[in-house]
file data-v7.pdb (PDB, C-alpha atoms, pLDDT in the B column)
MODEL        1
ATOM      1  CA  ASN I   1      14.530  26.935  23.450  1.00 63.00           C
ATOM      2  CA  ALA I   2      15.382  23.740  21.536  1.00 75.00           C
ATOM      3  CA  GLY I   3      12.361  21.600  22.550  1.00 94.00           C
ATOM      4  CA  VAL I   4      12.912  18.050  21.275  1.00 96.00           C
ATOM      5  CA  THR I   5      16.133  17.329  19.396  1.00 97.00           C
ATOM      6  CA  GLN I   6      16.738  14.134  17.440  1.00 97.00           C
ATOM      7  CA  THR I   7      20.050  12.871  16.132  1.00 97.00           C
ATOM      8  CA  PRO I   8      20.962  11.868  13.510  1.00 97.00           C
ATOM      9  CA  LYS I   9      18.627  13.392  10.936  1.00 96.00           C
ATOM     10  CA  PHE I  10      19.428  10.846   8.229  1.00 96.00           C
ATOM     11  CA  ARG I  11      21.035   7.423   8.232  1.00 96.00           C
ATOM     12  CA  VAL I  12      21.523   4.542   5.822  1.00 97.00           C
ATOM     13  CA  LEU I  13      22.139   1.127   7.333  1.00 97.00           C
ATOM     14  CA  LYS I  14      22.911  -2.245   5.843  1.00 97.00           C
ATOM     15  CA  THR I  15      20.706  -5.167   6.856  1.00 97.00           C
ATOM     16  CA  GLY I  16      21.951  -6.609  10.131  1.00 97.00           C
ATOM     17  CA  GLN I  17      23.748  -3.480  11.314  1.00 97.00           C
ATOM     18  CA  SER I  18      22.857  -1.831  14.586  1.00 96.00           C
ATOM     19  CA  MET I  19      22.366   1.786  15.536  1.00 96.00           C
ATOM     20  CA  THR I  20      20.985   4.055  18.236  1.00 97.00           C
ATOM     21  CA  LEU I  21      18.753   7.063  17.713  1.00 97.00           C
ATOM     22  CA  LEU I  22      19.023   9.780  20.343  1.00 97.00           C
ATOM     23  CA  CYS I  23      16.229  12.014  21.549  1.00 98.00           C
ATOM     24  CA  ALA I  24      16.844  14.891  23.945  1.00 98.00           C
ATOM     25  CA  GLN I  25      14.281  17.284  25.418  1.00 97.00           C
ATOM     26  CA  ASP I  26      14.876  20.408  27.462  1.00 96.00           C
ATOM     27  CA  MET I  27      11.331  20.969  28.735  1.00 93.00           C
ATOM     28  CA  ASN I  28      11.615  18.791  31.845  1.00 93.00           C
ATOM     29  CA  HIS I  29       8.856  16.520  30.507  1.00 92.00           C
ATOM     30  CA  GLU I  30       8.200  13.240  32.306  1.00 92.00           C
ATOM     31  CA  TYR I  31       6.787  11.364  29.327  1.00 92.00           C
ATOM     32  CA  MET I  32       8.696  10.503  26.169  1.00 94.00           C
ATOM     33  CA  TYR I  33       7.689   8.477  23.114  1.00 95.00           C
ATOM     34  CA  TRP I  34       9.152   6.941  19.987  1.00 97.00           C
ATOM     35  CA  TYR I  35       6.953   6.723  16.870  1.00 97.00           C
ATOM     36  CA  ARG I  36       7.552   5.546  13.355  1.00 97.00           C
ATOM     37  CA  GLN I  37       5.820   7.165  10.399  1.00 96.00           C
ATOM     38  CA  ASP I  38       5.116   5.217   7.234  1.00 93.00           C
ATOM     39  CA  PRO I  39       3.110   6.338   4.191  1.00 87.00           C
ATOM     40  CA  GLY I  40      -0.599   5.687   4.583  1.00 84.00           C
ATOM     41  CA  MET I  41      -0.214   4.458   8.159  1.00 86.00           C
ATOM     42  CA  GLY I  42       0.124   7.607  10.210  1.00 89.00           C
ATOM     43  CA  LEU I  43       2.295   7.420  13.305  1.00 94.00           C
ATOM     44  CA  ARG I  44       2.604   4.206  15.271  1.00 94.00           C
ATOM     45  CA  LEU I  45       3.948   4.015  18.800  1.00 94.00           C
ATOM     46  CA  ILE I  46       7.071   1.881  19.239  1.00 96.00           C
ATOM     47  CA  HIS I  47       7.979   2.371  22.912  1.00 96.00           C
ATOM     48  CA  TYR I  48       7.365   4.985  25.531  1.00 94.00           C
ATOM     49  CA  SER I  49       8.578   6.067  28.955  1.00 94.00           C
ATOM     50  CA  VAL I  50       6.651   7.611  31.826  1.00 91.00           C
ATOM     51  CA  GLY I  51       9.762   8.628  33.716  1.00 92.00           C
ATOM     52  CA  GLU I  52      13.478   8.147  34.208  1.00 93.00           C
ATOM     53  CA  GLY I  53      14.375   4.479  34.387  1.00 93.00           C
ATOM     54  CA  THR I  54      11.021   3.209  33.091  1.00 94.00           C
ATOM     55  CA  THR I  55      10.024   2.048  29.611  1.00 96.00           C
ATOM     56  CA  ALA I  56       7.068   0.224  28.092  1.00 94.00           C
ATOM     57  CA  LYS I  57       6.053  -1.310  24.778  1.00 95.00           C
ATOM     58  CA  GLY I  58       3.774   0.410  22.332  1.00 93.00           C
ATOM     59  CA  GLU I  59       1.902  -0.835  19.290  1.00 91.00           C
ATOM     60  CA  VAL I  60       4.921  -1.964  17.209  1.00 95.00           C
ATOM     61  CA  PRO I  61       7.855  -2.751  19.569  1.00 97.00           C
ATOM     62  CA  ASP I  62       9.389  -5.770  17.831  1.00 96.00           C
ATOM     63  CA  GLY I  63      12.971  -5.256  16.664  1.00 96.00           C
ATOM     64  CA  TYR I  64      13.518  -2.181  18.850  1.00 98.00           C
ATOM     65  CA  ASN I  65      14.829  -1.517  22.334  1.00 97.00           C
ATOM     66  CA  VAL I  66      14.834   1.685  24.371  1.00 98.00           C
ATOM     67  CA  SER I  67      16.481   3.162  27.416  1.00 97.00           C
ATOM     68  CA  ARG I  68      15.771   6.212  29.589  1.00 97.00           C
ATOM     69  CA  LEU I  69      18.754   6.566  31.884  1.00 95.00           C
ATOM     70  CA  LYS I  70      18.330  10.330  32.192  1.00 95.00           C
ATOM     71  CA  LYS I  71      15.054  12.234  32.302  1.00 95.00           C
ATOM     72  CA  GLN I  72      15.965  14.382  29.326  1.00 97.00           C
ATOM     73  CA  ASN I  73      17.130  11.571  27.032  1.00 97.00           C
ATOM     74  CA  PHE I  74      15.303   8.671  25.381  1.00 98.00           C
ATOM     75  CA  LEU I  75      17.312   6.294  23.192  1.00 98.00           C
ATOM     76  CA  LEU I  76      15.919   3.974  20.519  1.00 98.00           C
ATOM     77  CA  GLY I  77      18.071   1.048  19.463  1.00 97.00           C
ATOM     78  CA  LEU I  78      17.943  -1.258  16.494  1.00 96.00           C
ATOM     79  CA  GLU I  79      20.033  -4.348  17.234  1.00 92.00           C
ATOM     80  CA  SER I  80      19.850  -5.954  13.785  1.00 96.00           C
ATOM     81  CA  ALA I  81      18.306  -3.652  11.212  1.00 96.00           C
ATOM     82  CA  ALA I  82      15.867  -5.022   8.631  1.00 97.00           C
ATOM     83  CA  PRO I  83      14.501  -3.387   5.464  1.00 97.00           C
ATOM     84  CA  SER I  84      11.053  -3.331   7.129  1.00 96.00           C
ATOM     85  CA  GLN I  85      12.482  -0.805   9.580  1.00 97.00           C
ATOM     86  CA  THR I  86      12.995   1.738   6.827  1.00 97.00           C
ATOM     87  CA  SER I  87      10.900   4.627   8.083  1.00 97.00           C
ATOM     88  CA  VAL I  88      10.900   8.102   9.535  1.00 97.00           C
ATOM     89  CA  TYR I  89      11.260   7.983  13.307  1.00 98.00           C
ATOM     90  CA  PHE I  90       9.865  10.689  15.559  1.00 97.00           C
ATOM     91  CA  CYS I  91      10.477  11.269  19.208  1.00 97.00           C
ATOM     92  CA  ALA I  92       7.924  13.179  21.271  1.00 95.00           C
ATOM     93  CA  SER I  93       7.599  14.360  24.831  1.00 94.00           C
ATOM     94  CA  SER I  94       4.730  15.433  27.045  1.00 91.00           C
ATOM     95  CA  SER I  95       4.321  16.946  30.483  1.00 86.00           C
ATOM     96  CA  ALA I  96       1.305  14.851  31.393  1.00 75.00           C
ATOM     97  CA  GLY I  97       1.023  11.774  29.232  1.00 66.00           C
ATOM     98  CA  SER I  98      -1.172  11.090  26.229  1.00 62.00           C
ATOM     99  CA  ASN I  99      -4.017  13.185  27.583  1.00 68.00           C
ATOM    100  CA  ARG I 100      -2.131  16.335  26.664  1.00 76.00           C
ATOM    101  CA  GLY I 101      -0.398  17.599  23.540  1.00 85.00           C
ATOM    102  CA  TYR I 102       2.910  16.183  22.462  1.00 92.00           C
ATOM    103  CA  THR I 103       5.992  18.091  21.319  1.00 94.00           C
ATOM    104  CA  PHE I 104       7.660  16.253  18.465  1.00 96.00           C
ATOM    105  CA  GLY I 105      11.220  16.338  17.202  1.00 97.00           C
ATOM    106  CA  SER I 106      11.988  16.891  13.531  1.00 96.00           C
ATOM    107  CA  GLY I 107      12.529  13.209  12.808  1.00 97.00           C
ATOM    108  CA  THR I 108      15.201  10.761  11.686  1.00 97.00           C
ATOM    109  CA  ARG I 109      14.913   9.304   8.206  1.00 97.00           C
ATOM    110  CA  LEU I 110      16.331   5.780   8.301  1.00 97.00           C
ATOM    111  CA  THR I 111      16.885   3.618   5.250  1.00 97.00           C
ATOM    112  CA  VAL I 112      17.882  -0.035   5.623  1.00 97.00           C
ATOM    113  CA  VAL I 113      19.307  -1.591   2.453  1.00 97.00           C
TER     114      VAL I 113
ATOM    115  CA  GLN A   1      -6.248  -2.717  13.546  1.00 56.00           C
ATOM    116  CA  GLN A   2      -6.551   0.987  12.903  1.00 66.00           C
ATOM    117  CA  GLN A   3      -8.506   2.532  15.733  1.00 87.00           C
ATOM    118  CA  VAL A   4      -8.723   5.966  14.139  1.00 94.00           C
ATOM    119  CA  LYS A   5      -9.816   6.188  10.513  1.00 95.00           C
ATOM    120  CA  GLN A   6      -9.127   9.436   8.667  1.00 96.00           C
ATOM    121  CA  SER A   7     -10.422  10.704   5.340  1.00 96.00           C
ATOM    122  CA  PRO A   8      -9.748  11.887   2.737  1.00 97.00           C
ATOM    123  CA  GLN A   9      -6.143  10.871   2.052  1.00 95.00           C
ATOM    124  CA  SER A  10      -5.591  14.064   0.068  1.00 97.00           C
ATOM    125  CA  LEU A  11      -7.499  17.264  -0.483  1.00 97.00           C
ATOM    126  CA  ILE A  12      -7.038  20.205  -2.831  1.00 98.00           C
ATOM    127  CA  VAL A  13      -8.882  23.478  -2.299  1.00 97.00           C
ATOM    128  CA  GLN A  14      -8.647  27.010  -3.603  1.00 97.00           C
ATOM    129  CA  LYS A  15      -7.470  29.836  -1.374  1.00 97.00           C
ATOM    130  CA  GLY A  16     -10.373  30.973   0.785  1.00 97.00           C
ATOM    131  CA  GLY A  17     -12.079  27.595   0.663  1.00 97.00           C
ATOM    132  CA  ILE A  18     -13.035  25.535   3.718  1.00 97.00           C
ATOM    133  CA  PRO A  19     -11.345  22.136   3.713  1.00 98.00           C
ATOM    134  CA  ILE A  20     -12.917  19.548   5.988  1.00 98.00           C
ATOM    135  CA  ILE A  21     -11.044  16.497   7.254  1.00 98.00           C
ATOM    136  CA  ASN A  22     -12.951  13.715   8.958  1.00 98.00           C
ATOM    137  CA  CYS A  23     -11.998  11.106  11.526  1.00 98.00           C
ATOM    138  CA  ALA A  24     -13.872   8.214  13.075  1.00 97.00           C
ATOM    139  CA  TYR A  25     -12.868   6.217  16.112  1.00 96.00           C
ATOM    140  CA  GLU A  26     -13.900   2.880  17.550  1.00 92.00           C
ATOM    141  CA  ASN A  27     -12.936   2.908  21.206  1.00 91.00           C
ATOM    142  CA  THR A  28     -15.482   4.769  23.330  1.00 91.00           C
ATOM    143  CA  ALA A  29     -12.889   5.053  26.115  1.00 90.00           C
ATOM    144  CA  PHE A  30     -10.988   7.684  24.113  1.00 91.00           C
ATOM    145  CA  ASP A  31     -11.328  11.030  25.844  1.00 90.00           C
ATOM    146  CA  TYR A  32      -8.834  13.333  24.133  1.00 92.00           C
ATOM    147  CA  PHE A  33      -8.872  14.157  20.425  1.00 94.00           C
ATOM    148  CA  PRO A  34      -6.038  16.322  19.072  1.00 95.00           C
ATOM    149  CA  TRP A  35      -5.179  17.419  15.552  1.00 97.00           C
ATOM    150  CA  TYR A  36      -1.584  17.769  14.432  1.00 97.00           C
ATOM    151  CA  GLN A  37      -0.160  19.722  11.489  1.00 97.00           C
ATOM    152  CA  GLN A  38       2.998  18.550   9.763  1.00 97.00           C
ATOM    153  CA  PHE A  39       5.054  20.423   7.182  1.00 96.00           C
ATOM    154  CA  PRO A  40       7.530  18.550   4.946  1.00 93.00           C
ATOM    155  CA  GLY A  41      10.719  17.649   6.771  1.00 91.00           C
ATOM    156  CA  LYS A  42       9.293  18.638  10.145  1.00 94.00           C
ATOM    157  CA  GLY A  43       7.697  16.828  13.035  1.00 95.00           C
ATOM    158  CA  PRO A  44       3.961  17.063  13.718  1.00 96.00           C
ATOM    159  CA  ALA A  45       2.886  20.074  15.772  1.00 95.00           C
ATOM    160  CA  LEU A  46      -0.215  20.249  17.950  1.00 94.00           C
ATOM    161  CA  LEU A  47      -2.840  22.398  16.258  1.00 96.00           C
ATOM    162  CA  ILE A  48      -6.014  22.074  18.327  1.00 95.00           C
ATOM    163  CA  ALA A  49      -7.612  19.484  20.592  1.00 94.00           C
ATOM    164  CA  ILE A  50     -11.036  18.677  21.999  1.00 94.00           C
ATOM    165  CA  ARG A  51     -12.531  16.566  24.783  1.00 91.00           C
ATOM    166  CA  PRO A  52     -15.867  14.746  24.451  1.00 89.00           C
ATOM    167  CA  ASP A  53     -17.746  17.023  26.825  1.00 90.00           C
ATOM    168  CA  VAL A  54     -18.012  19.728  24.131  1.00 92.00           C
ATOM    169  CA  SER A  55     -19.298  19.534  20.562  1.00 94.00           C
ATOM    170  CA  GLU A  56     -17.172  22.268  19.014  1.00 96.00           C
ATOM    171  CA  LYS A  57     -13.936  24.121  19.653  1.00 96.00           C
ATOM    172  CA  LYS A  58     -12.521  27.063  17.697  1.00 96.00           C
ATOM    173  CA  GLU A  59      -8.998  28.430  17.683  1.00 95.00           C
ATOM    174  CA  GLY A  60      -8.484  31.139  15.098  1.00 96.00           C
ATOM    175  CA  ARG A  61      -9.364  29.744  11.663  1.00 97.00           C
ATOM    176  CA  PHE A  62      -9.381  26.135  12.903  1.00 97.00           C
ATOM    177  CA  THR A  63     -12.507  24.435  14.259  1.00 97.00           C
ATOM    178  CA  ILE A  64     -13.054  20.924  15.583  1.00 97.00           C
ATOM    179  CA  SER A  65     -16.574  19.519  15.426  1.00 96.00           C
ATOM    180  CA  PHE A  66     -17.207  16.503  17.645  1.00 96.00           C
ATOM    181  CA  ASN A  67     -20.102  14.021  17.452  1.00 95.00           C
ATOM    182  CA  LYS A  68     -19.881  11.658  20.394  1.00 94.00           C
ATOM    183  CA  SER A  69     -22.840   9.465  19.419  1.00 94.00           C
ATOM    184  CA  ALA A  70     -21.456   8.910  15.918  1.00 95.00           C
ATOM    185  CA  LYS A  71     -17.872   8.548  17.221  1.00 95.00           C
ATOM    186  CA  GLN A  72     -16.691  11.077  14.677  1.00 97.00           C
ATOM    187  CA  PHE A  73     -14.818  14.357  14.730  1.00 97.00           C
ATOM    188  CA  SER A  74     -13.679  16.715  12.014  1.00 98.00           C
ATOM    189  CA  LEU A  75     -11.344  19.616  11.372  1.00 98.00           C
ATOM    190  CA  HIS A  76     -12.534  22.678   9.446  1.00 98.00           C
ATOM    191  CA  ILE A  77     -10.117  25.339   8.221  1.00 98.00           C
ATOM    192  CA  MET A  78     -11.834  28.647   7.536  1.00 97.00           C
ATOM    193  CA  ASP A  79     -10.495  31.007   4.841  1.00 97.00           C
ATOM    194  CA  SER A  80      -7.721  28.551   3.954  1.00 97.00           C
ATOM    195  CA  GLN A  81      -4.366  29.950   2.813  1.00 97.00           C
ATOM    196  CA  PRO A  82      -1.508  28.460   0.775  1.00 97.00           C
ATOM    197  CA  GLY A  83       0.501  28.436   4.010  1.00 97.00           C
ATOM    198  CA  ASP A  84      -1.982  25.898   5.409  1.00 98.00           C
ATOM    199  CA  SER A  85      -0.734  23.346   2.871  1.00 98.00           C
ATOM    200  CA  ALA A  86       0.513  20.498   5.044  1.00 97.00           C
ATOM    201  CA  THR A  87      -0.366  17.022   6.229  1.00 97.00           C
ATOM    202  CA  TYR A  88      -2.935  16.876   8.999  1.00 98.00           C
ATOM    203  CA  PHE A  89      -3.287  14.021  11.456  1.00 97.00           C
ATOM    204  CA  CYS A  90      -6.140  13.356  13.826  1.00 97.00           C
ATOM    205  CA  ALA A  91      -5.480  11.328  16.951  1.00 95.00           C
ATOM    206  CA  ALA A  92      -7.231   9.879  19.965  1.00 93.00           C
ATOM    207  CA  SER A  93      -6.114   8.793  23.408  1.00 90.00           C
ATOM    208  CA  MET A  94      -7.491   7.856  26.788  1.00 85.00           C
ATOM    209  CA  SER A  95      -6.358   9.230  30.100  1.00 75.00           C
ATOM    210  CA  ASN A  96      -5.446   5.901  31.691  1.00 69.00           C
ATOM    211  CA  ASN A  97      -2.776   4.851  29.212  1.00 71.00           C
ATOM    212  CA  ASN A  98      -0.036   6.318  27.039  1.00 73.00           C
ATOM    213  CA  ASP A  99      -0.977   4.944  23.638  1.00 80.00           C
ATOM    214  CA  MET A 100      -2.171   7.812  21.459  1.00 88.00           C
ATOM    215  CA  ARG A 101      -3.550   6.464  18.171  1.00 91.00           C
ATOM    216  CA  PHE A 102      -3.121   8.471  14.997  1.00 93.00           C
ATOM    217  CA  GLY A 103      -5.076   8.540  11.775  1.00 94.00           C
ATOM    218  CA  ALA A 104      -3.277   7.893   8.491  1.00 94.00           C
ATOM    219  CA  GLY A 105      -3.062  11.587   7.626  1.00 95.00           C
ATOM    220  CA  THR A 106      -4.543  13.961   5.039  1.00 97.00           C
ATOM    221  CA  ARG A 107      -2.335  15.884   2.651  1.00 97.00           C
ATOM    222  CA  LEU A 108      -3.923  19.284   2.128  1.00 98.00           C
ATOM    223  CA  THR A 109      -2.986  21.561  -0.774  1.00 98.00           C
ATOM    224  CA  VAL A 110      -4.371  25.093  -0.860  1.00 98.00           C
ATOM    225  CA  LYS A 111      -3.957  26.627  -4.300  1.00 97.00           C
ATOM    226  CA  PRO A 112      -3.373  30.394  -4.620  1.00 94.00           C
TER     227      PRO A 112
ENDMDL
END
call {"tool": "encode", "arguments": {"input": "data-v7.pdb", "output": "structure tokens"}}
result
Amino acid sequence: NAGVTQTPKFRVLKTGQSMTLLCAQDMNHEYMYWYRQDPGMGLRLIHYSVGEGTTAKGEVPDGYNVSRLKKQNFLLGLESAAPSQTSVYFCASSSAGSNRGYTFGSGTRLTVV
Amino acid sequence: QQQVKQSPQSLIVQKGGIPIINCAYENTAFDYFPWYQQFPGKGPALLIAIRPDVSEKKEGRFTISFNKSAKQFSLHIMDSQPGDSATYFCAASMSNNNDMRFGAGTRLTVKP
């Protein structure tokens, strides 16, 4: 049982490059989330989705876009990477929204130089 | 604006000690308060959670104490073990939205 799988695990980008982070879950969860984790700041919500075909902005959405074309996948895109986007990115899923526990992936460490 | 404030940032205890991590929240609409445990290189994992209708919840060696009037909640780890060394995050959310707010985290070290 894989749970939540994130790819890639590590990536180095040059400023201005673009990339897509993939999150896949096999638990048939409706809700999926993208967080970034920075030292001393905990986890901050970037975007989330309450179901296939729907997305919404979180606390820190600027510079990111997302898509949820299939229920099991949630993609996070960076169109023009900036050094401020250097972070560890976590995807999470939940069966019933933020009023229940989340299952997190193992993270993607992104460095923008 | 950090809606969930967590302290301390780091904590070192001896094996068998009882580390206590504290969190305070501002929004009285929060109605779900989980704690997550994160080991290096891994994602956070749900440890225990509480709702405001109870003042305490125990699961094994982990206990949440909740003080609704003070808008504070804390995690106690009984008989701590070196394997409990990890970063712990408190969080808070409300049932009518999908924006769970996390504290900044506490790095716990349990010495043998």
call {"tool": "resolve_selection", "arguments": {"input": "data-v7.pdb", "expression": "the PyMOL selection byres ((chain A and resi 81) around 9)", "output": "list in words"}}
result
Gln14, Lys15, Gly16, Gly17, Met78, Asp79, Ser80, Pro82, Gly83, Asp84, Ser85, Val110, Lys111 and Pro112 of chain A
call {"tool": "residues_near_point", "arguments": {"input": "data-v7.pdb", "point": "(-12.6, 13.8, 15.2)", "cutoff": "10 Å", "atoms": "only C-alpha atoms", "output": "short mmCIF file (atom, residue, chain, number, x, y, z; two decimals) with C-alpha atoms, in the coordinates of the input"}}
result
data_model
loop_
_atom_site.label_atom_id
_atom_site.label_comp_id
_atom_site.auth_asym_id
_atom_site.auth_seq_id
_atom_site.Cartn_x
_atom_site.Cartn_y
_atom_site.Cartn_z
CA VAL A 4 -8.72 5.97 14.14
CA LYS A 5 -9.82 6.19 10.51
CA GLN A 6 -9.13 9.44 8.67
CA ILE A 21 -11.04 16.50 7.25
CA ASN A 22 -12.95 13.72 8.96
CA CYS A 23 -12.00 11.11 11.53
CA ALA A 24 -13.87 8.21 13.08
CA TYR A 25 -12.87 6.22 16.11
CA TYR A 32 -8.83 13.33 24.13
CA PHE A 33 -8.87 14.16 20.42
CA PRO A 34 -6.04 16.32 19.07
CA TRP A 35 -5.18 17.42 15.55
CA ALA A 49 -7.61 19.48 20.59
CA ILE A 50 -11.04 18.68 22.00
CA ARG A 51 -12.53 16.57 24.78
CA PRO A 52 -15.87 14.75 24.45
CA ILE A 64 -13.05 20.92 15.58
CA SER A 65 -16.57 19.52 15.43
CA PHE A 66 -17.21 16.50 17.64
CA ASN A 67 -20.10 14.02 17.45
CA LYS A 68 -19.88 11.66 20.39
CA LYS A 71 -17.87 8.55 17.22
CA GLN A 72 -16.69 11.08 14.68
CA PHE A 73 -14.82 14.36 14.73
CA SER A 74 -13.68 16.72 12.01
CA LEU A 75 -11.34 19.62 11.37
CA CYS A 90 -6.14 13.36 13.83
CA ALA A 91 -5.48 11.33 16.95
CA ALA A 92 -7.23 9.88 19.96
CA GLY A 103 -5.08 8.54 11.78
#
call {"tool": "closest_residue", "arguments": {"input": "data-v7.pdb", "among": "I:Tyr102, I:Tyr31, I:Ser94, I:Val88", "to": "Pro8 in chain I", "atoms": "all atoms listed in the file"}}
result
I:Val88
call {"tool": "interface_residues", "arguments": {"input": "data-v7.pdb", "of": "chain A", "to": "chain I", "cutoff": "12 Å", "atoms": "only C-alpha atoms", "output": "PyMOL selection string"}}
result
chain A and resi 1-10+30-51+87-107
call {"tool": "closest_residue", "arguments": {"input": "data-v7.pdb", "among": "I:Asn65, I:Gln25, I:Gln17, I:Gln6", "to": "Pro83 in chain I", "atoms": "only C-alpha atoms"}}
result
I:Gln17
call {"tool": "decode", "arguments": {"input": "data-v7.pdb", "residues": "range 12-75 of chain A", "atoms": "C-alpha atoms", "output": "PDB file, in the first residue's frame"}}
result
ATOM      1  CA  ILE A  12      16.283  17.827  24.864  1.00  0.00           C
ATOM      2  CA  VAL A  13      15.286  15.280  27.494  1.00  0.00           C
ATOM      3  CA  GLN A  14      16.765  12.149  28.989  1.00  0.00           C
ATOM      4  CA  LYS A  15      15.263   8.748  28.270  1.00  0.00           C
ATOM      5  CA  GLY A  16      12.259   8.242  30.528  1.00  0.00           C
ATOM      6  CA  GLY A  17      11.580  11.955  30.834  1.00  0.00           C
ATOM      7  CA  ILE A  18       8.286  13.640  29.940  1.00  0.00           C
ATOM      8  CA  PRO A  19       8.730  16.260  27.231  1.00  0.00           C
ATOM      9  CA  ILE A  20       5.910  18.772  26.935  1.00  0.00           C
ATOM     10  CA  ILE A  21       5.257  20.785  23.783  1.00  0.00           C
ATOM     11  CA  ASN A  22       2.837  23.686  23.893  1.00  0.00           C
ATOM     12  CA  CYS A  23       0.660  25.354  21.288  1.00  0.00           C
ATOM     13  CA  ALA A  24      -1.608  28.374  21.380  1.00  0.00           C
ATOM     14  CA  TYR A  25      -4.172  29.374  18.802  1.00  0.00           C
ATOM     15  CA  GLU A  26      -6.054  32.557  18.031  1.00  0.00           C
ATOM     16  CA  ASN A  27      -9.105  31.575  16.024  1.00  0.00           C
ATOM     17  CA  THR A  28     -11.910  30.288  18.244  1.00  0.00           C
ATOM     18  CA  ALA A  29     -13.546  28.699  15.185  1.00  0.00           C
ATOM     19  CA  PHE A  30     -10.859  25.994  15.120  1.00  0.00           C
ATOM     20  CA  ASP A  31     -12.422  22.684  16.076  1.00  0.00           C
ATOM     21  CA  TYR A  32      -9.808  20.042  15.280  1.00  0.00           C
ATOM     22  CA  PHE A  33      -6.330  19.941  16.803  1.00  0.00           C
ATOM     23  CA  PRO A  34      -3.931  17.255  15.545  1.00  0.00           C
ATOM     24  CA  TRP A  35      -0.289  16.579  16.322  1.00  0.00           C
ATOM     25  CA  TYR A  36       2.076  15.296  13.664  1.00  0.00           C
ATOM     26  CA  GLN A  37       5.430  13.540  14.073  1.00  0.00           C
ATOM     27  CA  GLN A  38       8.123  13.920  11.440  1.00  0.00           C
ATOM     28  CA  PHE A  39      11.366  11.972  11.150  1.00  0.00           C
ATOM     29  CA  PRO A  40      14.249  13.314   9.023  1.00  0.00           C
ATOM     30  CA  GLY A  41      13.662  12.806   5.320  1.00  0.00           C
ATOM     31  CA  LYS A  42      10.056  11.748   5.842  1.00  0.00           C
ATOM     32  CA  GLY A  43       6.695  13.435   5.653  1.00  0.00           C
ATOM     33  CA  PRO A  44       4.717  14.297   8.787  1.00  0.00           C
ATOM     34  CA  ALA A  45       2.568  11.479  10.160  1.00  0.00           C
ATOM     35  CA  LEU A  46      -0.574  11.929  12.237  1.00  0.00           C
ATOM     36  CA  LEU A  47       0.157  11.071  15.857  1.00  0.00           C
ATOM     37  CA  ILE A  48      -2.936  12.027  17.851  1.00  0.00           C
ATOM     38  CA  ALA A  49      -5.756  14.551  17.580  1.00  0.00           C
ATOM     39  CA  ILE A  50      -8.348  16.154  19.831  1.00  0.00           C
ATOM     40  CA  ARG A  51     -11.589  18.108  19.478  1.00  0.00           C
ATOM     41  CA  PRO A  52     -12.584  20.931  21.842  1.00  0.00           C
ATOM     42  CA  ASP A  53     -15.358  18.998  23.549  1.00  0.00           C
ATOM     43  CA  VAL A  54     -12.810  17.041  25.629  1.00  0.00           C
ATOM     44  CA  SER A  55      -9.966  18.264  27.831  1.00  0.00           C
ATOM     45  CA  GLU A  56      -7.614  15.311  27.460  1.00  0.00           C
ATOM     46  CA  LYS A  57      -6.940  12.435  25.097  1.00  0.00           C
ATOM     47  CA  LYS A  58      -4.456   9.588  25.556  1.00  0.00           C
ATOM     48  CA  GLU A  59      -3.095   7.186  22.975  1.00  0.00           C
ATOM     49  CA  GLY A  60      -0.365   4.957  24.338  1.00  0.00           C
ATOM     50  CA  ARG A  61       2.441   7.143  25.705  1.00  0.00           C
ATOM     51  CA  PHE A  62       1.096  10.287  24.012  1.00  0.00           C
ATOM     52  CA  THR A  63      -1.387  12.634  25.694  1.00  0.00           C
ATOM     53  CA  ILE A  64      -2.996  15.843  24.473  1.00  0.00           C
ATOM     54  CA  SER A  65      -4.199  18.309  27.092  1.00  0.00           C
ATOM     55  CA  PHE A  66      -6.647  20.927  25.838  1.00  0.00           C
ATOM     56  CA  ASN A  67      -7.645  24.201  27.532  1.00  0.00           C
ATOM     57  CA  LYS A  68     -10.423  25.809  25.535  1.00  0.00           C
ATOM     58  CA  SER A  69     -10.701  28.973  27.641  1.00  0.00           C
ATOM     59  CA  ALA A  70      -6.970  29.662  27.353  1.00  0.00           C
ATOM     60  CA  LYS A  71      -6.901  28.616  23.668  1.00  0.00           C
ATOM     61  CA  GLN A  72      -3.975  26.334  24.371  1.00  0.00           C
ATOM     62  CA  PHE A  73      -3.178  22.671  23.906  1.00  0.00           C
ATOM     63  CA  SER A  74      -0.117  20.590  24.638  1.00  0.00           C
ATOM     64  CA  LEU A  75       1.476  17.253  23.855  1.00  0.00           C
TER      65      LEU A  75
END
